[in-house]
>>> print(open('work.txt').read())   # compact mmCIF, C-alpha atoms and all ligand atoms
# COMPACT_ATOMS: atom_id res chain seq x y z
CA MET A 189 55.88 -5.56 -10.63
CA ASN A 190 59.47 -5.72 -11.90
CA GLN A 191 60.28 -8.36 -9.31
CA ARG A 192 57.26 -10.43 -10.29
CA TRP A 193 58.23 -10.32 -13.98
CA ASN A 194 61.90 -11.02 -13.20
CA THR A 195 61.33 -14.07 -11.06
CA ALA A 196 58.53 -15.73 -13.07
CA LYS A 197 59.03 -17.83 -16.17
CA SER A 198 58.30 -15.78 -19.26
CA ASP A 199 55.54 -18.05 -20.57
CA THR A 200 53.60 -17.45 -17.32
CA THR A 201 54.05 -13.68 -17.60
CA HIS A 202 53.22 -13.77 -21.30
CA ALA A 203 49.94 -15.63 -20.74
CA ARG A 204 48.94 -13.22 -17.96
CA LEU A 205 49.79 -10.06 -19.93
CA GLN A 206 47.93 -11.34 -22.97
CA GLN A 207 44.84 -11.44 -20.76
CA ASN A 208 45.61 -8.20 -18.94
CA ALA A 209 47.38 -5.61 -21.04
CA GLU A 210 46.56 -3.00 -18.39
CA GLU A 211 49.26 -4.41 -16.14
CA TRP A 212 51.77 -3.89 -18.97
CA GLN A 213 50.46 -0.35 -19.65
CA HIS A 214 50.71 0.53 -15.96
CA TYR A 215 54.29 -0.79 -15.90
CA HIS A 216 55.18 1.42 -18.87
CA ALA A 217 53.58 4.51 -17.31
CA LEU A 218 55.87 3.98 -14.28
CA TYR A 219 58.83 3.24 -16.53
CA ARG A 220 58.29 6.45 -18.56
CA ASP A 221 58.29 8.46 -15.32
CA ALA A 222 61.39 6.71 -13.98
CA ARG A 223 63.30 7.46 -17.21
CA LYS A 224 62.82 11.23 -16.77
CA THR A 225 65.26 11.15 -13.84
CA TRP A 226 67.95 9.10 -15.60
CA ALA A 227 71.19 10.69 -16.80
CA VAL A 228 71.49 7.86 -19.36
CA VAL A 229 68.54 6.31 -21.17
CA PRO A 230 69.73 3.03 -22.69
CA PHE A 231 67.48 2.96 -25.75
CA GLU A 232 68.65 6.48 -26.65
CA ARG A 233 72.25 5.24 -26.52
CA MET A 234 71.27 2.48 -28.93
CA VAL A 235 69.59 4.99 -31.26
CA LYS A 236 72.84 6.98 -31.34
CA ASP A 237 74.92 3.87 -31.99
CA LEU A 238 72.67 2.49 -34.72
CA SER A 239 71.75 5.71 -36.50
CA ILE A 240 75.16 5.67 -38.25
CA ARG A 241 74.61 2.08 -39.42
CA GLU A 242 72.29 2.37 -42.38
CA GLY A 243 70.60 -0.74 -43.75
CA TYR A 244 71.03 -2.93 -40.68
CA VAL A 245 68.41 -5.46 -39.68
CA VAL A 246 67.82 -5.03 -35.96
CA GLY A 247 65.90 -7.15 -33.45
CA ASP A 248 64.60 -5.16 -30.48
CA PHE A 249 63.90 -7.89 -27.91
CA GLY A 250 61.57 -6.53 -25.21
CA CYS A 251 60.99 -3.33 -27.17
CA GLY A 252 58.45 -1.75 -24.82
CA GLU A 253 56.81 1.09 -26.73
CA ALA A 254 59.00 0.34 -29.77
CA LEU A 255 60.86 3.64 -29.59
CA LEU A 256 63.89 2.16 -31.33
CA ALA A 257 61.78 1.35 -34.41
CA GLU A 258 60.19 4.79 -34.26
CA ARG A 259 63.59 6.51 -34.24
CA LEU A 260 65.50 4.20 -36.62
CA GLY A 261 62.75 3.10 -38.98
CA ASP A 262 63.97 5.33 -41.84
CA THR A 263 67.47 3.87 -41.94
CA CYS A 264 67.21 0.34 -40.54
CA THR A 265 64.71 -2.49 -40.54
CA VAL A 266 63.71 -2.97 -36.91
CA HIS A 267 61.83 -6.06 -35.75
CA SER A 268 60.17 -5.20 -32.44
CA PHE A 269 59.09 -7.87 -29.94
CA ASP A 270 57.30 -7.62 -26.62
CA HIS A 271 54.69 -9.41 -24.52
CA VAL A 272 52.16 -6.76 -25.58
CA ALA A 273 52.02 -4.90 -28.89
CA ALA A 274 52.06 -1.16 -28.19
CA ASN A 275 51.38 -0.55 -31.91
CA ASP A 276 51.04 -2.41 -35.23
CA ALA A 277 54.80 -2.56 -35.71
CA VAL A 278 55.27 -4.77 -32.64
CA ASN A 279 55.13 -8.56 -32.67
CA ALA A 280 53.39 -9.67 -29.47
CA CYS A 281 55.39 -12.74 -28.39
CA ASP A 282 57.63 -14.18 -25.74
CA ILE A 283 61.21 -13.26 -26.67
CA ALA A 284 62.23 -16.81 -25.78
CA ASP A 285 60.69 -17.71 -29.16
CA VAL A 286 60.53 -14.95 -31.77
CA PRO A 287 59.02 -15.29 -35.26
CA LEU A 288 62.31 -14.96 -37.16
CA ASP A 289 64.35 -17.43 -39.19
CA ASP A 290 67.90 -18.36 -38.23
CA SER A 291 70.60 -15.76 -38.93
CA GLU A 292 68.32 -12.87 -39.97
CA LEU A 293 69.66 -10.12 -37.76
CA ASP A 294 72.71 -7.86 -37.91
CA VAL A 295 72.09 -6.56 -34.40
CA THR A 296 70.08 -7.73 -31.40
CA VAL A 297 69.23 -5.31 -28.60
CA PHE A 298 68.08 -6.06 -25.06
CA CYS A 299 67.50 -2.74 -23.33
CA LEU A 300 66.56 -3.60 -19.73
CA SER A 301 64.58 -6.57 -20.98
CA LEU A 302 66.34 -9.62 -19.52
CA MET A 303 63.30 -10.11 -17.29
CA GLY A 304 62.12 -13.61 -16.46
CA SER A 305 63.83 -16.49 -14.68
CA ASN A 306 64.54 -18.07 -18.09
CA PHE A 307 66.34 -15.07 -19.61
CA THR A 308 69.00 -17.55 -20.79
CA ASP A 309 66.42 -18.70 -23.37
CA TYR A 310 66.25 -15.14 -24.74
CA LEU A 311 70.01 -15.07 -25.19
CA LYS A 312 69.90 -18.43 -26.98
CA GLU A 313 67.19 -17.03 -29.24
CA ALA A 314 69.35 -13.97 -29.93
CA HIS A 315 72.18 -16.30 -30.90
CA ARG A 316 69.92 -18.30 -33.24
CA THR A 317 68.54 -15.25 -35.03
CA LEU A 318 71.80 -13.29 -35.34
CA LYS A 319 74.00 -13.66 -38.41
CA LEU A 320 77.53 -14.87 -37.88
CA ASP A 321 79.49 -11.77 -36.83
CA GLY A 322 76.21 -10.10 -35.81
CA ARG A 323 76.32 -7.92 -32.73
CA LEU A 324 74.55 -8.38 -29.40
CA HIS A 325 73.87 -5.34 -27.15
CA ILE A 326 72.60 -5.69 -23.60
CA TYR A 327 71.85 -2.87 -21.17
CA GLU A 328 70.99 -3.80 -17.60
CA ALA A 329 71.19 -1.98 -14.27
CA THR A 330 74.69 -2.57 -12.92
CA SER A 331 73.16 -3.46 -9.55
CA ARG A 332 71.65 -6.57 -11.16
CA PHE A 333 75.06 -8.06 -11.91
CA SER A 334 76.56 -10.24 -9.22
CA ASP A 335 79.49 -11.26 -11.44
CA ARG A 336 80.09 -9.65 -14.84
CA HIS A 337 83.01 -12.00 -15.59
CA LYS A 338 80.77 -15.01 -15.09
CA PHE A 339 78.08 -13.44 -17.29
CA ALA A 340 80.65 -12.78 -20.05
CA ALA A 341 82.12 -16.28 -19.75
CA ASP A 342 78.66 -17.83 -20.11
CA LEU A 343 77.94 -15.68 -23.19
CA GLU A 344 81.12 -17.16 -24.67
CA ARG A 345 79.83 -20.66 -23.95
CA LEU A 346 76.61 -19.75 -25.80
CA GLY A 347 78.64 -18.90 -28.91
CA PHE A 348 79.46 -15.21 -28.51
CA GLY A 349 82.94 -13.71 -28.51
CA GLN A 350 84.70 -10.36 -28.04
CA VAL A 351 82.52 -9.70 -25.00
CA THR A 352 83.01 -6.27 -23.45
CA ALA A 353 81.27 -4.66 -20.48
CA SER A 354 81.31 -0.93 -19.83
CA ASP A 355 79.68 1.33 -17.26
CA GLU A 356 77.28 3.96 -18.52
CA TRP A 357 75.94 5.83 -15.46
CA LYS A 358 74.08 3.17 -13.42
CA PHE A 359 73.90 0.76 -16.34
CA THR A 360 76.19 -1.92 -17.66
CA HIS A 361 76.45 -2.09 -21.43
CA ILE A 362 77.51 -5.50 -22.71
CA VAL A 363 78.52 -5.87 -26.35
CA ALA A 364 79.33 -9.24 -27.89
CA THR A 365 79.67 -10.78 -31.35
CA LYS A 366 78.19 -14.07 -32.54
CA ASP A 367 81.35 -15.86 -33.55
CA SER A 368 80.25 -19.48 -33.51
CA VAL A 369 77.36 -21.05 -35.41
CA GLY A 370 76.65 -23.50 -32.60
CA ARG A 371 77.15 -23.38 -28.85
CA ARG A 372 80.64 -23.98 -27.49
CA GLN A 373 79.22 -25.72 -24.45
CA ASP A 374 75.85 -26.60 -23.04
CA VAL A 375 74.59 -23.72 -20.93
CA GLY A 376 71.68 -24.37 -18.59
CA VAL A 377 71.53 -20.94 -17.01
CA VAL A 378 73.68 -17.91 -17.76
CA GLY A 379 75.13 -16.82 -14.44
CA GLY A 380 76.19 -13.51 -12.98
CA LEU A 381 72.86 -11.69 -13.30
CA ARG A 382 70.42 -11.58 -10.42
CA GLY A 383 66.79 -12.25 -11.21
CA GLU A 384 65.33 -10.67 -8.14
CA SER A 385 66.64 -7.12 -8.47
CA SER A 386 64.64 -4.47 -10.29
CA SER A 387 66.16 -2.36 -13.04
CA MET A 388 63.60 0.36 -12.45
CA VAL A 389 63.90 0.54 -8.66
CA SER A 390 67.64 0.07 -8.49
CA THR A 391 68.34 3.08 -10.70
CA GLU A 392 66.25 5.43 -8.57
CA ASN A 393 68.17 8.27 -6.91
C1 LIG B 1 62.09 -2.00 -18.86
S1 LIG B 1 61.16 -2.31 -20.31
C2 LIG B 1 62.27 -1.65 -21.55
C3 LIG B 1 61.61 -1.35 -22.85
C4 LIG B 1 62.55 -0.87 -23.97
N1 LIG B 1 63.53 -1.90 -24.30
C5 LIG B 1 63.26 0.40 -23.57
O1 LIG B 1 64.48 0.39 -23.40
O2 LIG B 1 62.57 1.42 -23.44
C6 LIG B 1 61.36 -4.08 -20.53
C7 LIG B 1 60.42 -4.64 -21.59
O3 LIG B 1 60.82 -5.98 -21.88
C8 LIG B 1 59.66 -6.73 -22.09
N2 LIG B 1 59.96 -8.16 -21.87
C9 LIG B 1 60.68 -8.71 -20.86
N3 LIG B 1 60.71 -10.05 -20.97
C10 LIG B 1 59.99 -10.36 -22.08
C11 LIG B 1 59.64 -11.58 -22.71
N4 LIG B 1 60.01 -12.77 -22.22
N5 LIG B 1 58.91 -11.53 -23.84
C12 LIG B 1 58.50 -10.35 -24.35
N6 LIG B 1 58.78 -9.14 -23.79
C13 LIG B 1 59.52 -9.16 -22.66
C14 LIG B 1 58.66 -6.17 -21.07
O4 LIG B 1 57.33 -6.48 -21.42
C15 LIG B 1 58.97 -4.68 -21.16
O5 LIG B 1 58.17 -4.04 -22.10
>>> encode(input="work.txt", output="structure tokens")
Amino acid sequence: MNQRWNTAKSDTTHARLQQNAEEWQHYHALYRDARKTWAVVPFERMVKDLSIREGYVVGDFGCGEALLAERLGDTCTVHSFDHVAANDAVNACDIADVPLDDSELDVTVFCLSLMGSNFTDYLKEAHRTLKLDGRLHIYEATSRFSDRHKFAADLERLGFGQVTASDEWKFTHIVATKDSVGRRQDVGVVGGLRGESSSMVSTEN
């Protein structure tokens, strides 16, 4: 399922999941089980990071069951986006095109959600909706990266700076800052991240 979502264009997946939310629910049942075996759960790391940052406006791109909003809702405003709305707080949309104005967000989070052959569009959307100096967080399975330097360099071309990558168990945590209002260069596809690998399968013991 992960592979199908990773290799398809997001508008195709979005249209299918809108018609068949059961596929999405099944995916999340498997994902909940997989998480129980993980030494590091990325969204919990983000909760820890953001819980000391009161008043932030956060975009959770590919929020799943919107656990970030559930845990941070008292201190931050969290906009949650996913193909399927797990509850009323979630905007059901394709994260290539979210219902936010330019420069609304202090922080954008992608926790294991760069799925879809056009994930570059999601990163462009993150850049559009972040304020200048806003922060981008990405967690992905380290096994998905073929070249972290290339990935970081392409983020810089998109208009992000101060890009860091750190290892947290089997995940890579990328942090970057929007430091340019426009793009530095045209970027067709952000490189260095494989589409075909599965974040769920590749973190299994
Ligand atoms: C592995 S789950 C992670 C969920 C949540 N971020 C977490 O850490 O628990 C990835 C989620 O990203 C969502 N997603 C991936 N690409 C998307 C897209 N183009 N539009 C909307 N949601 C997307 C999937 O539907 C799925 O719920």
>>> residues_around(input="work.txt", residues="A:Glu258", least_positions_apart="2", cutoff="12 Å", atoms="only C-alpha atoms", output="list of chain:residue names")
A:Phe231, A:Glu232, A:Val235, A:Ser239, A:Asp248, A:Cys251, A:Gly252, A:Glu253, A:Ala254, A:Leu255, A:Leu256, A:Leu260, A:Gly261, A:Asp262, A:Thr263, A:Cys264, A:Thr265, A:Val266, A:His267, A:Ser268, A:Ala274, A:Asn275, A:Asp276, A:Ala277, A:Val278
>>> residues_near_ligand(input="work.txt", ligand="ligand LIG 1 (chain B)", cutoff="6 Å", atoms="all atoms listed in the file", output="PyMOL selection string")
chain A and resi 198+230-231+250-252+270-271+281-284+299-304
>>> residues_around(input="work.txt", residues="A:Gly376", least_positions_apart="6", cutoff="10 Å", atoms="all atoms listed in the file", output="PyMOL selection string")
chain A and resi 306+308-309+342+346
>>> closest_residue(input="work.txt", among="A:Val286, A:Met189, A:Ala196, A:Ile362", to="A:Gln350", atoms="only C-alpha atoms")
A:Ile362
>>> atom_distance(input="work.txt", atom1="atom CA of A:Asp221", atom2="atom CA of A:Lys236")
21.7 Å
>>> closest_residue(input="work.txt", among="A:Phe298, A:Phe359, A:Tyr310, A:Trp226", to="A:Arg332", atoms="all atoms listed in the file")
A:Phe359
>>> atom_distance(input="work.txt", atom1="atom CA of A:Ala364", atom2="atom CA of A:Gly349")
5.8 Å
>>> atom_distance(input="work.txt", atom1="atom CA of A:Ala227", atom2="atom CA of A:Trp357")
6.9 Å
>>> residues_around(input="work.txt", residues="A:Gly383", least_positions_apart="3", cutoff="7 Å", atoms="all atoms listed in the file", output="list in words")
Asn194, Thr195 and Ser305 of chain A
>>> write_last_selection(input="work.txt", atoms="C-alpha atoms", output="PDB file, in the coordinates of the input")
ATOM      1  CA  ASN A 194      61.900 -11.020 -13.200  1.00  0.00           C
ATOM      2  CA  THR A 195      61.330 -14.070 -11.060  1.00  0.00           C
ATOM      3  CA  SER A 305      63.830 -16.490 -14.680  1.00  0.00           C
TER       4      SER A 305
END
>>> residues_around(input="work.txt", residues="stretch 314-316 of chain A", least_positions_apart="4", cutoff="8 Å", atoms="only C-alpha atoms", output="list in words")
Asp290, Ser291, Thr296, Tyr310, Leu324, Leu346, Gly347, Phe348 and Lys366 of chain A
>>> axis_aligned_box(input="work.txt", around="stretch 216-223 of chain A", padding_each_side="4 Å", output="lines of an AutoDock Vina configuration file")
center_x = 58.4
center_y = 4.9
center_z = -16.4
size_x = 17.7
size_y = 15.0
size_z = 12.9
>>> residues_around(input="work.txt", residues="A:Phe339", least_positions_apart="2", cutoff="12 Å", atoms="all atoms listed in the file", output="count of residues only")
31
>>> closest_residue(input="work.txt", among="A:Ala329, A:Ala340, A:Leu318, A:Val228", to="A:Asp294", atoms="all atoms listed in the file")
A:Leu318
>>> decode(input="work.txt", residues="stretch 288-375 of chain A", atoms="C-alpha atoms", output="compact mmCIF listing (two decimals), in the first residue's frame")
# COMPACT_ATOMS: atom_id res chain seq x y z
CA LEU A 288 -4.10 28.38 3.46
CA ASP A 289 -2.99 31.84 2.40
CA ASP A 290 0.65 32.66 1.73
CA SER A 291 2.91 33.02 4.78
CA GLU A 292 0.44 31.84 7.45
CA LEU A 293 2.53 29.25 9.22
CA ASP A 294 5.32 29.42 11.79
CA VAL A 295 6.08 25.72 11.42
CA THR A 296 5.33 23.06 8.82
CA VAL A 297 5.61 19.38 9.71
CA PHE A 298 5.87 16.38 7.40
CA CYS A 299 6.01 13.27 9.58
CA LEU A 300 6.49 10.34 7.18
CA SER A 301 4.16 12.02 4.72
CA LEU A 302 6.31 12.74 1.66
CA MET A 303 4.33 10.06 -0.18
CA GLY A 304 3.51 10.51 -3.84
CA SER A 305 5.74 10.88 -6.89
CA ASN A 306 5.11 14.65 -6.81
CA PHE A 307 6.23 15.21 -3.20
CA THR A 308 8.23 18.19 -4.53
CA ASP A 309 4.86 19.96 -4.91
CA TYR A 310 4.22 19.47 -1.17
CA LEU A 311 7.53 21.10 -0.34
CA LYS A 312 6.73 24.03 -2.63
CA GLU A 313 3.38 24.36 -0.88
CA ALA A 314 5.15 24.34 2.49
CA HIS A 315 7.39 27.13 1.25
CA ARG A 316 4.40 29.18 0.05
CA THR A 317 2.47 28.86 3.31
CA LEU A 318 5.40 29.37 5.71
CA LYS A 319 6.28 32.82 6.99
CA LEU A 320 9.73 34.12 6.24
CA ASP A 321 11.98 32.56 8.91
CA GLY A 322 9.33 29.85 9.47
CA ARG A 323 10.60 26.37 10.18
CA LEU A 324 10.22 23.20 8.12
CA HIS A 325 10.46 19.77 9.82
CA ILE A 326 10.61 16.54 7.84
CA TYR A 327 10.86 13.02 9.26
CA GLU A 328 11.39 10.17 6.83
CA ALA A 329 12.85 6.67 7.13
CA THR A 330 16.59 7.00 6.60
CA SER A 331 16.43 4.08 4.17
CA ARG A 332 14.40 6.26 1.81
CA PHE A 333 17.26 8.71 1.31
CA SER A 334 19.65 7.94 -1.51
CA ASP A 335 21.52 11.24 -1.05
CA ARG A 336 20.81 13.56 1.88
CA HIS A 337 23.21 16.21 0.54
CA LYS A 338 21.30 16.35 -2.73
CA PHE A 339 18.00 16.57 -0.84
CA ALA A 340 19.35 19.45 1.30
CA ALA A 341 20.79 21.25 -1.74
CA ASP A 342 17.43 21.04 -3.53
CA LEU A 343 15.64 22.41 -0.45
CA GLU A 344 18.01 25.38 -0.67
CA ARG A 345 17.05 25.88 -4.31
CA LEU A 346 13.38 25.91 -3.24
CA GLY A 347 14.10 28.82 -0.88
CA PHE A 348 15.04 27.14 2.40
CA GLY A 349 18.28 27.67 4.29
CA GLN A 350 20.12 26.41 7.38
CA VAL A 351 19.24 22.85 6.39
CA THR A 352 20.32 20.22 8.91
CA ALA A 353 19.83 16.45 8.86
CA SER A 354 20.15 14.28 11.95
CA ASP A 355 19.62 10.61 12.67
CA GLU A 356 16.95 9.67 15.16
CA TRP A 357 16.87 5.85 15.38
CA LYS A 358 15.89 4.69 11.86
CA PHE A 359 14.60 8.11 10.87
CA THR A 360 16.21 11.18 9.36
CA HIS A 361 15.03 14.47 10.80
CA ILE A 362 15.50 17.40 8.43
CA VAL A 363 15.07 20.92 9.75
CA ALA A 364 15.21 23.96 7.48
CA THR A 365 14.21 27.62 7.57
CA LYS A 366 12.36 29.56 4.88
CA ASP A 367 14.89 32.26 4.18
CA SER A 368 13.86 33.44 0.74
CA VAL A 369 10.45 34.73 -0.34
CA GLY A 370 10.83 33.23 -3.81
CA ARG A 371 12.70 30.23 -5.16
CA ARG A 372 16.44 30.56 -5.71
CA GLN A 373 16.25 28.30 -8.75
CA ASP A 374 13.65 26.37 -10.65
CA VAL A 375 13.31 22.93 -9.12
